$ cat structure28.tsv   # TSV, C-alpha atoms and all ligand atoms
chain	number	residue	atom	x	y	z
A	110	MET	CA	19.80	-5.43	-0.31
A	111	PRO	CA	21.21	-5.79	3.23
A	112	VAL	CA	18.58	-5.15	5.86
A	113	LEU	CA	19.82	-3.13	8.80
A	114	LYS	CA	18.70	-4.29	12.21
A	115	THR	CA	17.79	-0.99	13.85
A	116	ASP	CA	14.45	-0.08	15.43
A	117	HIS	CA	11.31	-2.07	14.95
A	118	PRO	CA	10.08	-0.95	11.51
A	119	SER	CA	6.78	0.34	12.95
A	120	ALA	CA	8.10	2.30	15.97
A	121	PRO	CA	7.50	6.09	15.85
A	122	MET	CA	10.11	7.73	13.65
A	123	HIS	CA	11.83	11.01	14.51
A	124	ILE	CA	12.41	13.13	11.44
A	125	PRO	CA	13.42	16.80	11.40
A	126	ASP	CA	11.05	19.39	9.83
A	127	ILE	CA	11.62	18.58	6.18
A	128	ILE	CA	9.82	17.83	2.93
A	129	ILE	CA	10.07	14.25	1.65
A	130	ALA	CA	9.47	13.93	-2.10
A	131	ILE	CA	8.74	10.45	-3.43
A	132	ASP	CA	8.68	9.94	-7.20
A	133	GLY	CA	8.88	6.86	-9.31
A	134	TYR	CA	7.41	4.40	-11.75
A	135	SER	CA	3.83	3.15	-11.55
A	136	SER	CA	3.09	0.16	-9.30
A	137	THR	CA	6.20	0.63	-7.18
A	138	GLY	CA	4.07	1.19	-4.08
A	139	LYS	CA	4.80	4.91	-3.72
A	140	SER	CA	1.57	5.82	-1.96
A	141	SER	CA	1.64	2.91	0.53
A	142	PHE	CA	5.24	3.77	1.41
A	143	ALA	CA	4.50	7.52	1.68
A	144	LYS	CA	1.42	6.90	3.85
A	145	ARG	CA	3.35	4.66	6.21
A	146	ILE	CA	6.19	7.17	6.56
A	147	ALA	CA	3.62	9.89	7.29
A	148	ARG	CA	1.90	7.73	9.92
A	149	GLU	CA	5.09	6.72	11.70
A	150	ALA	CA	6.74	10.16	11.54
A	151	GLY	CA	3.63	12.26	12.23
A	152	PHE	CA	3.95	13.95	8.83
A	153	LEU	CA	1.15	15.10	6.54
A	154	TYR	CA	0.73	12.89	3.47
A	155	LEU	CA	-0.07	14.64	0.19
A	156	ASP	CA	-1.21	12.55	-2.76
A	157	SER	CA	-0.46	14.66	-5.86
A	158	GLY	CA	-2.11	12.08	-8.16
A	159	ALA	CA	-5.39	12.59	-6.24
A	160	LEU	CA	-5.39	16.28	-7.24
A	161	TYR	CA	-4.87	15.37	-10.92
A	162	ARG	CA	-7.67	12.85	-10.55
A	163	GLY	CA	-9.94	15.44	-8.86
A	164	ILE	CA	-9.47	17.92	-11.71
A	165	THR	CA	-10.16	15.11	-14.18
A	166	LEU	CA	-13.45	14.29	-12.43
A	167	PHE	CA	-14.35	17.99	-12.53
A	168	ALA	CA	-13.52	18.17	-16.28
A	169	ILE	CA	-15.61	15.06	-17.02
A	170	GLU	CA	-18.62	16.28	-15.04
A	171	ASN	CA	-18.52	19.68	-16.74
A	172	GLY	CA	-18.09	18.37	-20.27
A	173	MET	CA	-14.56	19.76	-20.62
A	174	ILE	CA	-13.10	16.59	-22.10
A	175	ASP	CA	-14.53	14.76	-25.11
A	176	SER	CA	-14.53	11.14	-26.19
A	177	ASN	CA	-11.27	11.67	-28.09
A	178	ASN	CA	-9.64	12.91	-24.89
A	179	THR	CA	-9.42	16.47	-26.19
A	180	VAL	CA	-9.50	18.88	-23.26
A	181	ASP	CA	-11.23	22.27	-23.50
A	182	GLU	CA	-8.21	24.05	-22.05
A	183	LYS	CA	-9.74	27.51	-22.19
A	184	ARG	CA	-12.83	26.59	-20.14
A	185	LEU	CA	-10.77	24.54	-17.72
A	186	ALA	CA	-8.27	27.39	-17.21
A	187	ASP	CA	-11.16	29.79	-16.50
A	188	ALA	CA	-12.77	27.39	-14.02
A	189	LEU	CA	-9.70	26.24	-12.08
A	190	PRO	CA	-9.27	29.34	-9.88
A	191	GLY	CA	-12.74	28.67	-8.41
A	192	LEU	CA	-12.21	24.93	-7.90
A	193	ASP	CA	-11.84	23.94	-4.25
A	194	LEU	CA	-9.94	20.65	-4.07
A	195	HIS	CA	-8.55	19.75	-0.67
A	196	PHE	CA	-7.73	16.89	1.68
A	197	GLU	CA	-9.54	16.09	4.93
A	198	ALA	CA	-8.55	13.53	7.54
A	199	GLY	CA	-10.60	10.33	7.35
A	200	LYS	CA	-10.69	7.09	9.37
A	201	ASP	CA	-8.04	5.44	7.15
A	202	GLY	CA	-5.97	8.47	6.21
A	203	SER	CA	-6.62	11.55	4.14
A	204	LEU	CA	-9.61	11.88	1.84
A	205	THR	CA	-9.95	14.09	-1.24
A	206	TYR	CA	-12.78	16.66	-1.30
A	207	MET	CA	-14.26	18.89	-4.00
A	208	GLY	CA	-15.89	21.63	-1.96
A	209	GLU	CA	-18.01	19.77	0.61
A	210	ARG	CA	-18.22	16.59	-1.43
A	211	CYS	CA	-15.93	13.63	-0.71
A	212	ILE	CA	-14.70	12.40	-4.11
A	213	GLU	CA	-12.21	9.78	-2.89
A	214	LYS	CA	-14.08	6.84	-4.43
A	215	GLU	CA	-14.96	8.48	-7.74
A	216	ILE	CA	-11.42	9.64	-8.46
A	217	ARG	CA	-10.21	6.01	-8.31
A	218	SER	CA	-12.79	4.87	-10.91
A	219	LEU	CA	-11.81	3.55	-14.31
A	220	ALA	CA	-13.62	6.48	-15.98
A	221	VAL	CA	-11.25	8.92	-14.26
A	222	SER	CA	-8.17	6.71	-14.72
A	223	ARG	CA	-8.82	6.66	-18.46
A	224	LYS	CA	-8.87	10.46	-18.75
A	225	VAL	CA	-6.29	11.52	-16.17
A	226	SER	CA	-3.30	11.37	-18.55
A	227	PRO	CA	-4.55	13.97	-21.06
A	228	VAL	CA	-5.84	16.21	-18.26
A	229	SER	CA	-2.57	16.07	-16.31
A	230	ALA	CA	-0.65	17.07	-19.45
A	231	VAL	CA	-2.45	20.46	-19.63
A	232	PRO	CA	-0.11	23.28	-18.42
A	233	CYS	CA	-2.76	25.19	-16.40
A	234	VAL	CA	-3.65	21.95	-14.61
A	235	ARG	CA	-0.02	21.37	-13.63
A	236	GLY	CA	0.19	24.98	-12.47
A	237	TYR	CA	-2.90	24.55	-10.26
A	238	VAL	CA	-1.58	21.35	-8.67
A	239	ASP	CA	1.94	22.74	-8.19
A	240	ARG	CA	0.59	25.86	-6.44
A	241	LYS	CA	-1.68	23.80	-4.18
A	242	LEU	CA	1.12	21.42	-3.20
A	243	ARG	CA	3.54	24.29	-2.51
A	244	GLU	CA	0.94	25.99	-0.33
A	245	LEU	CA	0.28	22.79	1.63
A	246	GLY	CA	3.96	21.89	1.87
A	247	SER	CA	5.20	25.30	2.96
A	248	ARG	CA	5.00	24.36	6.65
A	249	LYS	CA	7.24	21.32	6.07
A	250	ARG	CA	6.67	17.93	7.75
A	251	VAL	CA	5.03	16.61	4.61
A	252	VAL	CA	5.59	13.54	2.49
A	253	ILE	CA	4.39	13.90	-1.09
A	254	ASP	CA	4.27	11.27	-3.80
A	255	GLY	CA	4.01	11.75	-7.55
A	256	ARG	CA	6.07	11.88	-10.72
A	257	ASP	CA	7.70	15.33	-10.62
A	258	ILE	CA	7.78	16.29	-6.95
A	259	GLY	CA	11.57	16.24	-6.52
A	260	THR	CA	12.26	17.66	-9.98
A	261	THR	CA	9.60	20.39	-10.42
A	262	VAL	CA	7.34	20.97	-7.43
A	263	PHE	CA	9.89	20.86	-4.60
A	264	PRO	CA	13.34	20.88	-6.21
A	265	ASP	CA	14.74	21.92	-2.79
A	266	ALA	CA	13.12	19.09	-0.83
A	267	GLU	CA	15.55	17.89	1.83
A	268	LEU	CA	14.93	14.22	1.05
A	269	LYS	CA	14.10	12.89	-2.41
A	270	ILE	CA	13.39	9.25	-3.08
A	271	PHE	CA	13.04	7.71	-6.53
A	272	MET	CA	11.23	4.38	-6.49
A	273	THR	CA	11.70	1.67	-9.03
A	274	ALA	CA	11.32	-2.12	-9.34
A	275	ASP	CA	11.69	-4.69	-12.11
A	276	PRO	CA	8.80	-4.40	-14.60
A	277	GLU	CA	7.99	-8.10	-14.09
A	278	VAL	CA	7.73	-7.65	-10.32
A	279	ARG	CA	5.50	-4.58	-10.75
A	280	ALA	CA	3.31	-6.39	-13.28
A	281	MET	CA	2.89	-9.30	-10.86
A	282	ARG	CA	1.90	-6.93	-8.01
A	283	ARG	CA	-0.58	-5.18	-10.27
A	284	MET	CA	-2.02	-8.44	-11.54
A	285	LYS	CA	-2.62	-9.67	-7.98
A	286	GLU	CA	-4.31	-6.37	-7.15
A	287	MET	CA	-6.56	-6.61	-10.22
A	288	ILE	CA	-7.42	-10.26	-9.58
A	289	GLY	CA	-8.24	-9.24	-6.00
A	290	LYS	CA	-10.77	-6.78	-7.45
A	291	GLY	CA	-12.31	-9.59	-9.50
A	292	GLU	CA	-10.75	-8.70	-12.87
A	293	ASP	CA	-9.65	-11.45	-15.23
A	294	VAL	CA	-6.20	-10.50	-16.57
A	295	LYS	CA	-3.22	-12.15	-18.23
A	296	PHE	CA	0.31	-11.50	-16.95
A	297	GLU	CA	1.62	-10.64	-20.46
A	298	ASP	CA	-1.04	-7.94	-20.92
A	299	VAL	CA	-0.35	-6.38	-17.53
A	300	LEU	CA	3.40	-6.41	-18.21
A	301	GLU	CA	2.87	-4.70	-21.56
A	302	ASN	CA	0.74	-2.03	-19.87
A	303	VAL	CA	3.41	-1.45	-17.20
A	304	ARG	CA	6.09	-0.97	-19.89
A	305	GLU	CA	3.81	1.31	-21.91
A	306	ARG	CA	3.04	3.51	-18.89
A	307	ASP	CA	6.76	3.72	-18.04
A	308	TYR	CA	7.39	4.99	-21.55
A	309	ILE	CA	4.53	7.52	-21.55
A	310	ASP	CA	5.37	8.81	-18.04
A	311	SER	CA	9.02	9.37	-18.85
A	312	HIS	CA	8.58	10.75	-22.39
A	313	ARG	CA	5.72	13.23	-22.06
A	314	LYS	CA	6.56	16.90	-22.82
A	315	VAL	CA	5.36	18.45	-19.55
A	316	SER	CA	7.13	17.42	-16.34
A	317	PRO	CA	8.15	13.92	-17.41
A	318	LEU	CA	8.97	11.34	-14.78
A	319	ALA	CA	12.69	11.65	-14.06
A	320	LYS	CA	15.02	10.98	-11.18
A	321	ALA	CA	16.27	14.21	-9.61
A	322	PRO	CA	20.10	14.16	-9.59
A	323	ASP	CA	20.12	14.24	-5.78
A	324	ALA	CA	17.38	11.62	-5.27
A	325	VAL	CA	18.14	8.34	-3.47
A	326	VAL	CA	17.04	5.33	-5.52
A	327	LEU	CA	14.88	2.73	-3.81
A	328	ASP	CA	14.64	-0.44	-5.90
A	329	ASN	CA	12.09	-2.50	-3.99
A	330	SER	CA	11.99	-5.49	-6.36
A	331	HIS	CA	13.08	-7.79	-3.54
A	332	MET	CA	11.96	-5.84	-0.49
A	333	THR	CA	8.97	-6.15	1.81
A	334	PRO	CA	7.17	-3.07	3.18
A	335	ASP	CA	9.01	-3.61	6.50
A	336	ASP	CA	12.38	-3.75	4.68
A	337	GLN	CA	11.53	-0.38	3.15
A	338	MET	CA	10.87	1.13	6.57
A	339	VAL	CA	14.22	-0.12	7.84
A	340	TRP	CA	15.82	1.41	4.72
A	341	ILE	CA	14.19	4.84	5.27
A	342	ARG	CA	15.00	4.84	8.98
A	343	ASP	CA	18.66	4.42	8.12
A	344	ILE	CA	18.48	7.29	5.61
A	345	VAL	CA	16.68	9.70	7.95
A	346	SER	CA	18.99	8.90	10.86
A	347	ARG	CA	21.78	10.44	8.78
A	348	LEU	CA	19.90	13.68	7.97
A	349	PRO	CA	21.18	16.88	9.56
A	350	GLY	CA	19.16	17.48	12.75
A	351	ALA	CA	18.04	13.85	13.15
A	352	SER	CA	17.64	12.78	16.77
A	353	ASP	CA	17.68	8.98	16.42
B	401	LIG	O1	-0.36	8.33	-8.86
B	401	LIG	P1	-1.71	8.24	-9.61
B	401	LIG	O2	-1.85	7.01	-10.48
B	401	LIG	O3	-2.88	8.45	-8.73
B	401	LIG	O4	-1.63	9.50	-10.61
B	401	LIG	C1	-2.68	9.78	-11.50
B	401	LIG	C2	-2.14	10.41	-12.75
B	401	LIG	O5	-1.65	11.71	-12.50
B	401	LIG	C3	-1.03	9.63	-13.43
B	401	LIG	O6	-1.49	9.26	-14.71
B	401	LIG	C4	0.11	10.57	-13.60
B	401	LIG	C5	-0.40	11.91	-13.14
B	401	LIG	N1	0.51	12.53	-12.20
B	401	LIG	C6	1.39	13.45	-12.70
B	401	LIG	O7	1.40	13.70	-13.90
B	401	LIG	N2	2.23	14.09	-11.85
B	401	LIG	C7	2.22	13.82	-10.54
B	401	LIG	N3	3.05	14.47	-9.71
B	401	LIG	C8	1.32	12.84	-10.02
B	401	LIG	C9	0.48	12.20	-10.89

$ encode --input "structure28.tsv" --output "structure tokens" --more "lines below"
Ligand code: DC
Amino acid sequence: MPVLKTDHPSAPMHIPDIIIAIDGYSSTGKSSFAKRIAREAGFLYLDSGALYRGITLFAIENGMIDSNNTVDEKRLADALPGLDLHFEAGKDGSLTYMGERCIEKEIRSLAVSRKVSPVSAVPCVRGYVDRKLRELGSRKRVVIDGRDIGTTVFPDAELKIFMTADPEVRAMRRMKEMIGKGEDVKFEDVLENVRERDYIDSHRKVSPLAKAPDAVVLDNSHMTPDDQMVWIRDIVSRLPGASD
């Protein structure tokens, strides 16, 4: 991947009033990339996965999902209109809230991670998240990451990015992250899990992970975070209305 020598990769970025949709495989660094774009461009970052995780926490705490991962769809559908999930600005970026309670830490727990797949497959859950994202994104100047943002939530987004990387590279990144958290893992097991999640994400019935036909592919197997910023700066400089 040739790296273009343009601006310093951390200088403020000038992007017209658009929606940037970032989708892609797990462990491709979507959220770090999206957060950095938001910071440097003065955009709002929306983490769609955090909303799925917030609903999952709500379902767990209210006994709406059992040990076999069966979701009580009726009760959840009745409760969702009254559920206040939103983002508030924190010291290190945006934080997820349920009403007045900050749930940022809990939604990243293993208990939530284990249940988020069945909950995010429920149609009323997807409807709730889609509506919330559309409401928040209606004023533009947002960067949103997820699995179906460019295909389902914002099919008219002006810039769509589809992130991918070699499974081995993603497994290595994930393994380092897990070891950093004190977990004892084998590379082969992590690689198997990465492949399995790729399969589940792209084969589920509701809103499967797919590249939108007009998305730009970013394969970051051999790129650093700074290389990615140089890449995006080149892309946005060619958008209609770009000033740099
Ligand atoms: O990005 P994440 O790991 O925080 O996402 C949590 C879960 O939510 C993940 O299992 C897939 C699901 N998800 C989804 O189905 N659609 C999205 N747009 C974002 C996340």

$ residues_near_ligand --input "structure28.tsv" --ligand "ligand LIG 401 (chain B)" --cutoff "8 Å" --atoms "all atoms listed in the file" --output "ChimeraX atom specification"
/A:132,135,140,156-162,217,222,225-226,229-230,235,254-258,310,316-318

$ atom_distance --input "structure28.tsv" --atom1 "atom CA of A:Pro322" --atom2 "atom CA of A:Phe271"
10.0 Å

$ atom_distance --input "structure28.tsv" --atom1 "atom CA of A:Leu189" --atom2 "atom CA of A:Thr165"
11.3 Å

$ closest_residue --input "structure28.tsv" --among "A:Phe296, A:Tyr206, A:Tyr237, A:Tyr134" --to "A:Val262" --atoms "all atoms listed in the file"
A:Tyr237

$ residues_around --input "structure28.tsv" --residues "A:Gln337" --least-positions-apart "5" --cutoff "8 Å" --atoms "only C-alpha atoms" --output "list of chain:residue names"
A:Phe142, A:Asn329, A:Met332

$ atom_distance --input "structure28.tsv" --atom1 "atom CA of A:Leu153" --atom2 "atom CA of A:Asp307"
27.7 Å

$ closest_residue --input "structure28.tsv" --among "A:Asp293, A:Glu215, A:Met338, A:Leu185" --to "A:Val228" --atoms "all atoms listed in the file"
A:Leu185

$ closest_residue --input "structure28.tsv" --among "A:Leu268, A:Val234, A:Met287, A:Leu300" --to "A:Val345" --atoms "all atoms listed in the file"
A:Leu268

$ closest_residue --input "structure28.tsv" --among "A:Thr261, A:Asn177, A:Thr137, A:Ser119" --to "A:Val326" --atoms "all atoms listed in the file"
A:Thr137

$ closest_residue --input "structure28.tsv" --among "A:Asp275, A:Pro264, A:Asp335, A:Met173" --to "A:Asp187" --atoms "all atoms listed in the file"
A:Met173

$ closest_residue --input "structure28.tsv" --among "A:His195, A:Lys200, A:Arg240, A:Lys139" --to "A:Ile270" --atoms "only C-alpha atoms"
A:Lys139
